[in-house]
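**Q** This structure is in structure tokens; I'll ask about it shortly.
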Amino acid sequence: WCVIAPSPDSQRGDKLFVRVLGMSKNQLVLTARSGSLQRYDWEGEVNKLRKTSVEPFSKLPPDTFLSGKVADISLFGVWIKLAHPDGKLSGLGLLHKEAFSDDFASKVAFGTEVKVRILSVNTEKQTIALSMT
């Protein structure tokens, strides 16, 4: 079985038209979107960013807000592709769902632009924790 996000007026038992995007670990990946399926390769970029050192971000003052884009979405939060102020570096940070602003959860999508602040940088684990406040 699978879960997709149908239109708000859908009811149990309604027929939905979906397209198969692919298979992932013996599960079907479906979409209810119509039109072009061409999308930016966030997955490839996210995997590349996960291998990038977070050390340059550890040198930023804690009150520094950074621009970023939603690069991945998980059950516990979103991964943000961060732009370092020097303009040369990118990194990946986690914005936990508890750190979302009030209306962010309702409009989050791949590529959504955000302003975030670094809460902590763990150079040993190569992680960046983010906040929207």
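We label chains A, B, ... in the order they appear in the structure tokens, count residues from 1 in each chain, and number ligands from 1 in the order shown.
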So that I can check the surroundings of region 47-61 of chain A, please list as a list of chain:residue names every protein, DNA and RNA residue that reaches within 9 Å of it, counting only C-alpha atoms and ignoring chain neighbours fewer than 6 positions away.

**A** A:Lys81, A:His84, A:Pro85, A:Leu89, A:Ser90, A:Gly91, A:Leu92, A:Gly93, A:Ile118, A:Ser120, A:Val121, A:Asn122, A:Thr123, A:Gln126, A:Thr127, A:Ile128

**Q** Can I get the selected residues back with C-alpha atoms, as a short mmCIF file (atom, residue, chain, number, x, y, z; two decimals), in the first residue's frame?

**A**
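Heads up, here's the output in out_25.cif:
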```
data_model
loop_
_atom_site.label_atom_id
_atom_site.label_comp_id
_atom_site.auth_asym_id
_atom_site.auth_seq_id
_atom_site.Cartn_x
_atom_site.Cartn_y
_atom_site.Cartn_z
CA LYS A 81 21.15 23.68 1.11
CA HIS A 84 27.98 30.42 2.87
CA PRO A 85 28.37 34.24 3.06
CA LEU A 89 30.74 27.31 -0.40
CA SER A 90 27.54 25.36 0.06
CA GLY A 91 26.57 23.09 2.90
CA LEU A 92 23.68 21.02 4.14
CA GLY A 93 21.91 21.69 7.43
CA ILE A 118 22.88 28.14 12.60
CA SER A 120 25.23 24.43 16.15
CA VAL A 121 27.90 22.89 13.95
CA ASN A 122 29.35 19.50 14.83
CA THR A 123 32.55 19.11 12.82
CA GLN A 126 29.63 16.81 10.00
CA THR A 127 26.19 18.17 10.92
CA ILE A 128 24.61 21.62 11.06
#
```

**Q** Excluding Val70 (chain A) and its own-chain neighbours fewer than 6 positions away, which residues fall within 9 Å of it when counting only C-alpha atoms? Please give them as a compact mmCIF listing (two decimals) with N, CA, C and O atoms, in the first residue's frame.

**A**
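Below is the file that was written, result-v7.txt:
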```
# COMPACT_ATOMS: atom_id res chain seq x y z
N VAL A 78 13.46 19.22 7.56
CA VAL A 78 13.90 19.42 6.18
C VAL A 78 15.39 19.71 6.15
O VAL A 78 15.96 20.27 7.09
N TRP A 79 16.02 19.28 5.09
CA TRP A 79 17.43 19.54 4.87
C TRP A 79 17.55 20.76 3.98
O TRP A 79 16.89 20.85 2.94
N ILE A 80 18.35 21.70 4.41
CA ILE A 80 18.49 22.98 3.72
C ILE A 80 19.87 23.07 3.08
O ILE A 80 20.89 22.87 3.75
N LYS A 81 19.88 23.38 1.79
CA LYS A 81 21.15 23.68 1.11
C LYS A 81 21.49 25.12 1.45
O LYS A 81 20.76 26.05 1.11
N VAL A 108 6.08 24.23 2.82
CA VAL A 108 7.38 23.64 2.51
C VAL A 108 7.29 22.77 1.27
O VAL A 108 6.34 22.02 1.08
N ALA A 109 8.28 22.89 0.40
CA ALA A 109 8.38 22.08 -0.81
C ALA A 109 9.84 22.12 -1.26
O ALA A 109 10.61 22.99 -0.85
N PHE A 110 10.23 21.17 -2.09
CA PHE A 110 11.59 21.17 -2.63
C PHE A 110 11.85 22.50 -3.32
O PHE A 110 11.02 22.98 -4.09
N GLY A 111 12.97 23.10 -3.00
CA GLY A 111 13.35 24.35 -3.64
C GLY A 111 12.84 25.60 -2.95
O GLY A 111 13.20 26.71 -3.34
N THR A 112 12.00 25.46 -1.91
CA THR A 112 11.51 26.63 -1.18
C THR A 112 12.68 27.39 -0.59
O THR A 112 13.54 26.81 0.05
N GLU A 113 12.72 28.70 -0.83
CA GLU A 113 13.79 29.53 -0.28
C GLU A 113 13.48 29.89 1.17
O GLU A 113 12.34 30.19 1.51
N VAL A 114 14.50 29.83 2.02
CA VAL A 114 14.34 30.10 3.44
C VAL A 114 15.50 30.93 3.95
O VAL A 114 16.57 30.97 3.35
```

**Q** Enumerate as a PyMOL selection string all residues of chain A assigned to helix (DSSP H, G or I) by DSSP on the backbone, naming them with the chain letters and numbers the document uses.

**A** chain A and resi 42-49+55-58+97-99+104-107

**Q** I need the strand (DSSP E) residues of region 17-123 of chain A per DSSP on the backbone, written as a PyMOL selection string.

**A** chain A and resi 19-24+27-31+65-74+77-83+90-96+113-122

**Q** How would the residues just picked look written out with N, CA and C atoms as a compact mmCIF listing (two decimals), in the first residue's frame?

**A**
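File out-v9.txt, as written:
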```txt
# COMPACT_ATOMS: atom_id res chain seq x y z
N ARG A 19 0.75 8.34 -11.48
CA ARG A 19 1.78 7.81 -12.37
C ARG A 19 2.91 7.23 -11.53
N VAL A 20 3.49 6.16 -12.02
CA VAL A 20 4.61 5.52 -11.35
C VAL A 20 5.88 6.25 -11.76
N LEU A 21 6.59 6.77 -10.76
CA LEU A 21 7.85 7.44 -11.02
C LEU A 21 9.02 6.47 -11.00
N GLY A 22 8.90 5.43 -10.19
CA GLY A 22 9.98 4.46 -10.10
C GLY A 22 9.77 3.53 -8.93
N MET A 23 10.80 2.75 -8.67
CA MET A 23 10.80 1.82 -7.55
C MET A 23 11.92 2.21 -6.62
N SER A 24 11.66 2.12 -5.33
CA SER A 24 12.67 2.40 -4.33
C SER A 24 12.54 1.36 -3.23
N GLN A 27 9.37 -0.56 -3.19
CA GLN A 27 8.17 0.26 -3.02
C GLN A 27 7.99 1.10 -4.27
N LEU A 28 6.75 1.28 -4.67
CA LEU A 28 6.47 2.14 -5.81
C LEU A 28 6.54 3.59 -5.37
N VAL A 29 7.11 4.42 -6.23
CA VAL A 29 7.12 5.86 -6.00
C VAL A 29 6.11 6.44 -6.98
N LEU A 30 5.05 7.06 -6.44
CA LEU A 30 3.94 7.54 -7.25
C LEU A 30 3.82 9.05 -7.19
N THR A 31 3.16 9.61 -8.20
CA THR A 31 2.81 11.02 -8.18
C THR A 31 1.40 11.18 -8.71
N PHE A 65 22.23 34.97 9.91
CA PHE A 65 21.18 34.31 9.13
C PHE A 65 21.73 34.03 7.74
N LEU A 66 21.41 32.84 7.23
CA LEU A 66 21.88 32.41 5.92
C LEU A 66 20.69 32.14 5.01
N SER A 67 20.91 32.31 3.71
CA SER A 67 19.89 31.94 2.73
C SER A 67 20.08 30.48 2.37
N GLY A 68 18.99 29.83 2.06
CA GLY A 68 19.07 28.44 1.65
C GLY A 68 17.82 28.01 0.92
N LYS A 69 17.87 26.78 0.43
CA LYS A 69 16.72 26.19 -0.25
C LYS A 69 16.48 24.80 0.31
N VAL A 70 15.22 24.41 0.40
CA VAL A 70 14.87 23.07 0.86
C VAL A 70 15.39 22.08 -0.17
N ALA A 71 16.27 21.17 0.29
CA ALA A 71 16.89 20.19 -0.60
C ALA A 71 16.34 18.79 -0.38
N ASP A 72 15.79 18.52 0.80
CA ASP A 72 15.25 17.19 1.09
C ASP A 72 14.25 17.34 2.23
N ILE A 73 13.26 16.47 2.23
CA ILE A 73 12.20 16.51 3.24
C ILE A 73 12.14 15.15 3.91
N SER A 74 12.10 15.15 5.25
CA SER A 74 11.99 13.90 5.99
C SER A 74 10.88 14.03 7.02
N GLY A 77 12.02 16.70 9.75
CA GLY A 77 12.42 18.04 9.38
C GLY A 77 12.78 18.14 7.91
N VAL A 78 13.46 19.22 7.56
CA VAL A 78 13.90 19.42 6.18
C VAL A 78 15.39 19.71 6.15
N TRP A 79 16.02 19.28 5.09
CA TRP A 79 17.43 19.54 4.87
C TRP A 79 17.55 20.76 3.98
N ILE A 80 18.35 21.70 4.41
CA ILE A 80 18.49 22.98 3.72
C ILE A 80 19.87 23.07 3.08
N LYS A 81 19.88 23.38 1.79
CA LYS A 81 21.15 23.68 1.11
C LYS A 81 21.49 25.12 1.45
N LEU A 82 22.59 25.29 2.19
CA LEU A 82 22.99 26.60 2.68
C LEU A 82 24.01 27.26 1.75
N ALA A 83 23.89 28.56 1.63
CA ALA A 83 24.89 29.34 0.91
C ALA A 83 25.76 30.05 1.95
N SER A 90 28.90 25.79 -0.26
CA SER A 90 27.54 25.36 0.06
C SER A 90 27.66 24.28 1.11
N GLY A 91 26.61 24.13 1.89
CA GLY A 91 26.57 23.09 2.90
C GLY A 91 25.15 22.61 3.08
N LEU A 92 24.98 21.60 3.89
CA LEU A 92 23.68 21.02 4.14
C LEU A 92 23.40 21.03 5.63
N GLY A 93 22.27 21.63 6.02
CA GLY A 93 21.91 21.69 7.43
C GLY A 93 20.51 21.16 7.65
N LEU A 94 20.25 20.71 8.87
CA LEU A 94 18.93 20.18 9.22
C LEU A 94 18.13 21.22 9.98
N LEU A 95 16.95 21.50 9.47
CA LEU A 95 15.98 22.34 10.15
C LEU A 95 14.92 21.40 10.70
N HIS A 96 15.02 21.10 12.00
CA HIS A 96 14.10 20.16 12.64
C HIS A 96 12.69 20.76 12.64
N GLU A 113 12.72 28.70 -0.83
CA GLU A 113 13.79 29.53 -0.28
C GLU A 113 13.48 29.89 1.17
N VAL A 114 14.50 29.83 2.02
CA VAL A 114 14.34 30.10 3.44
C VAL A 114 15.50 30.93 3.95
N LYS A 115 15.27 31.59 5.09
CA LYS A 115 16.32 32.25 5.86
C LYS A 115 16.43 31.48 7.17
N VAL A 116 17.63 31.01 7.48
CA VAL A 116 17.84 30.21 8.68
C VAL A 116 19.07 30.69 9.43
N ARG A 117 19.12 30.32 10.70
CA ARG A 117 20.25 30.66 11.56
C ARG A 117 20.87 29.36 12.05
N ILE A 118 22.18 29.33 12.12
CA ILE A 118 22.88 28.14 12.60
C ILE A 118 22.79 28.08 14.12
N LEU A 119 22.26 26.96 14.63
CA LEU A 119 22.22 26.72 16.07
C LEU A 119 23.52 26.10 16.54
N SER A 120 23.99 25.11 15.78
CA SER A 120 25.23 24.43 16.15
C SER A 120 25.84 23.76 14.93
N VAL A 121 27.15 23.60 14.98
CA VAL A 121 27.90 22.89 13.95
C VAL A 121 28.74 21.85 14.65
N ASN A 122 28.57 20.60 14.25
CA ASN A 122 29.35 19.50 14.83
C ASN A 122 30.31 19.02 13.74
```
